[in-house]
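A quick write-up on the structure given underneath.
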Amino acid sequence: MTKTHSGSCRCGAVTYEIEGEFKRFFLCHCKRCRKASGSSNAANLFAPDAKLTWLTGEDKVKSFTLPDTRHGRSFCIECGGMLPRIRDGMAVVPAGSLDTEIDIRPEAHIFMEFRADWDDHLEDVEKLDGGPQ
Ligand SMILES: [Zn+2]
Ligand SMILES: [Zn+2]
């Protein structure tokens, strides 16, 4: 079933709509995703044959593909916020860029072999509703 989701970058200059169905959802811990996200992992949704429409700020969207790889990113040139891109007909959507709710949940942590040395048992780390005291 086709659904429409919307999202935006961190500063709000870029907004988008994505029409399609999210079929897969992975948390990727590979080094490239760690470098791109500055975090332990990227959280990407995959929607085949989806339609991506930039609602605002298309001129602020920059796409980058690491030479000789399929590894790429789209992001806002103002704030660096990650944005969706189309790769080989497949929409790759950073889950954190969405402003609408999704019913799919991550199905796997992938490329754990390449995770950061501090990336172990993160589920055991204390969870606070707010910031640290
Ligand atoms: Zn932005
Ligand atoms: Zn990765």
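Residue numbering restarts at 1 for every chain of the structure tokens, chains are lettered A, B, ... in their displayed order, and ligands are numbered from 1 as they appear.
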Give me the residues within 7 Å of region 83-90 of chain A as a short mmCIF file (atom, residue, chain, number, x, y, z; two decimals) with C-alpha atoms, in the first residue's frame, counting only C-alpha atoms and dropping any in the same chain fewer than 3 places off.
data_model
loop_
_atom_site.label_atom_id
_atom_site.label_comp_id
_atom_site.auth_asym_id
_atom_site.auth_seq_id
_atom_site.Cartn_x
_atom_site.Cartn_y
_atom_site.Cartn_z
CA CYS A 9 16.31 18.74 7.60
CA PHE A 46 14.34 1.56 2.14
CA ALA A 47 11.35 2.03 -0.16
CA PRO A 48 11.48 0.52 -3.65
CA ASP A 49 9.91 2.52 -6.49
CA ALA A 50 9.08 5.38 -4.16
CA SER A 74 22.12 13.69 0.58
CA PHE A 75 22.13 16.50 3.06
CA VAL A 93 15.49 7.58 3.81
CA PRO A 94 17.33 8.51 7.01
CA SER A 97 14.71 13.02 8.98
#
List as a list in words the protein and nucleic acid residues lying within 7 Å of ligand 2, with only C-alpha atoms and all ligand atoms counted. Cys28, His29, Cys30, Lys31, Arg32, Cys33, Ala42 and Phe111 of chain A
Neighbouring residues of region 54-59 of chain A were defined as those with any atom within 8 Å, considering only C-alpha atoms; residues of the same chain fewer than 4 positions away were excluded. Please report them as a PyMOL selection string. chain A and resi 13-17
Contacts of chain A with ligand 1 up to 7 Å, shortest pair per row, only C-alpha atoms and all ligand atoms, as a tab-separated table:
residue	atom	partner	partner_atom_place_in_ligand_line	distance
A:Cys9	CA	ligand 1	1 (Zn)	4.5
A:Arg10	CA	ligand 1	1 (Zn)	4.9
A:Cys11	CA	ligand 1	1 (Zn)	3.9
A:Gly12	CA	ligand 1	1 (Zn)	5.3
A:Ala13	CA	ligand 1	1 (Zn)	4.9
A:Val14	CA	ligand 1	1 (Zn)	5.8
A:Cys76	CA	ligand 1	1 (Zn)	4.6
A:Ile77	CA	ligand 1	1 (Zn)	6.6
A:Glu78	CA	ligand 1	1 (Zn)	5.0
A:Cys79	CA	ligand 1	1 (Zn)	4.2
A:Gly80	CA	ligand 1	1 (Zn)	6.2
A:Gly81	CA	ligand 1	1 (Zn)	5.6
For the structure I just gave you, how does DSSP split chain A - specifically, which residues are strand (DSSP E or B)? Reply as a PyMOL selection string. chain A and resi 3-8+15-20+24-28+42-48+51-56+61-65+72-76+82-83+85-87+90-94+98+108-110
Could those residues be written to a file, using C-alpha atoms, as a PDB file, in the first residue's frame?
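Contents of the output file again_4.pdb:
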ATOM      1  CA  LYS A   3       1.672   5.845   1.860  1.00  0.00           C
ATOM      2  CA  THR A   4       2.906   9.382   1.961  1.00  0.00           C
ATOM      3  CA  HIS A   5       5.432  10.436   4.535  1.00  0.00           C
ATOM      4  CA  SER A   6       7.058  13.774   5.026  1.00  0.00           C
ATOM      5  CA  GLY A   7      10.297  14.933   6.516  1.00  0.00           C
ATOM      6  CA  SER A   8      12.725  17.799   6.826  1.00  0.00           C
ATOM      7  CA  THR A  15      11.194  19.629   3.332  1.00  0.00           C
ATOM      8  CA  TYR A  16      10.140  16.603   1.351  1.00  0.00           C
ATOM      9  CA  GLU A  17       7.441  14.092   0.742  1.00  0.00           C
ATOM     10  CA  ILE A  18       7.965  10.461  -0.013  1.00  0.00           C
ATOM     11  CA  GLU A  19       5.304   8.291  -1.599  1.00  0.00           C
ATOM     12  CA  GLY A  20       5.828   4.586  -1.294  1.00  0.00           C
ATOM     13  CA  ARG A  24      13.263  -2.556   5.033  1.00  0.00           C
ATOM     14  CA  PHE A  25      14.823  -0.726   7.945  1.00  0.00           C
ATOM     15  CA  PHE A  26      18.451  -1.228   8.928  1.00  0.00           C
ATOM     16  CA  LEU A  27      20.786   0.215  11.506  1.00  0.00           C
ATOM     17  CA  CYS A  28      24.163   0.254   9.792  1.00  0.00           C
ATOM     18  CA  ALA A  42      22.965   5.192  10.483  1.00  0.00           C
ATOM     19  CA  ALA A  43      19.244   4.360  10.577  1.00  0.00           C
ATOM     20  CA  ASN A  44      17.973   3.983   7.039  1.00  0.00           C
ATOM     21  CA  LEU A  45      14.590   3.044   5.625  1.00  0.00           C
ATOM     22  CA  PHE A  46      14.342   1.561   2.140  1.00  0.00           C
ATOM     23  CA  ALA A  47      11.354   2.025  -0.161  1.00  0.00           C
ATOM     24  CA  PRO A  48      11.477   0.518  -3.654  1.00  0.00           C
ATOM     25  CA  LYS A  51       8.524   8.903  -5.371  1.00  0.00           C
ATOM     26  CA  LEU A  52      10.570  11.612  -3.678  1.00  0.00           C
ATOM     27  CA  THR A  53       9.349  15.194  -3.978  1.00  0.00           C
ATOM     28  CA  TRP A  54      11.208  18.166  -2.576  1.00  0.00           C
ATOM     29  CA  LEU A  55       8.597  20.566  -1.198  1.00  0.00           C
ATOM     30  CA  THR A  56      10.995  23.341  -0.241  1.00  0.00           C
ATOM     31  CA  VAL A  61      20.142  19.645  -1.182  1.00  0.00           C
ATOM     32  CA  LYS A  62      23.601  18.335  -1.893  1.00  0.00           C
ATOM     33  CA  SER A  63      24.279  14.760  -2.838  1.00  0.00           C
ATOM     34  CA  PHE A  64      27.597  13.087  -2.336  1.00  0.00           C
ATOM     35  CA  THR A  65      28.695   9.633  -3.386  1.00  0.00           C
ATOM     36  CA  GLY A  72      26.198   8.165  -0.731  1.00  0.00           C
ATOM     37  CA  ARG A  73      24.383  10.779   1.238  1.00  0.00           C
ATOM     38  CA  SER A  74      22.117  13.686   0.580  1.00  0.00           C
ATOM     39  CA  PHE A  75      22.126  16.495   3.058  1.00  0.00           C
ATOM     40  CA  CYS A  76      21.167  20.134   3.581  1.00  0.00           C
ATOM     41  CA  MET A  82      20.628  14.052   6.396  1.00  0.00           C
ATOM     42  CA  LEU A  83      18.031  13.772   3.650  1.00  0.00           C
ATOM     43  CA  ARG A  85      18.087  10.016  -1.885  1.00  0.00           C
ATOM     44  CA  ILE A  86      17.192   7.662  -4.679  1.00  0.00           C
ATOM     45  CA  ARG A  87      19.713   4.884  -5.333  1.00  0.00           C
ATOM     46  CA  MET A  90      15.236   2.690  -4.334  1.00  0.00           C
ATOM     47  CA  ALA A  91      14.524   5.519  -1.914  1.00  0.00           C
ATOM     48  CA  VAL A  92      16.954   5.499   1.006  1.00  0.00           C
ATOM     49  CA  VAL A  93      15.487   7.582   3.807  1.00  0.00           C
ATOM     50  CA  PRO A  94      17.335   8.509   7.011  1.00  0.00           C
ATOM     51  CA  LEU A  98      11.056  11.912   9.004  1.00  0.00           C
ATOM     52  CA  ALA A 108      18.648  -5.649  12.095  1.00  0.00           C
ATOM     53  CA  HIS A 109      21.880  -4.025  13.135  1.00  0.00           C
ATOM     54  CA  ILE A 110      24.139  -4.579  10.140  1.00  0.00           C
TER      55      ILE A 110
END
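CA of Asp117 (chain A) to CA of Ala36 (chain A) spans 17.1 Å [interatomic distance, one decimal].
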Interatomic distance (Å, one decimal) between CA of Leu66 (chain A) and CA of Ser37 (chain A):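 So the answer is 14.4 Å.
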Apply DSSP to the backbone of this structure and, from region 70-126 of chain A, keep only the residues in helix (DSSP H, G or I); write these as a ChimeraX atom specification. /A:95-97,112-114,122-124
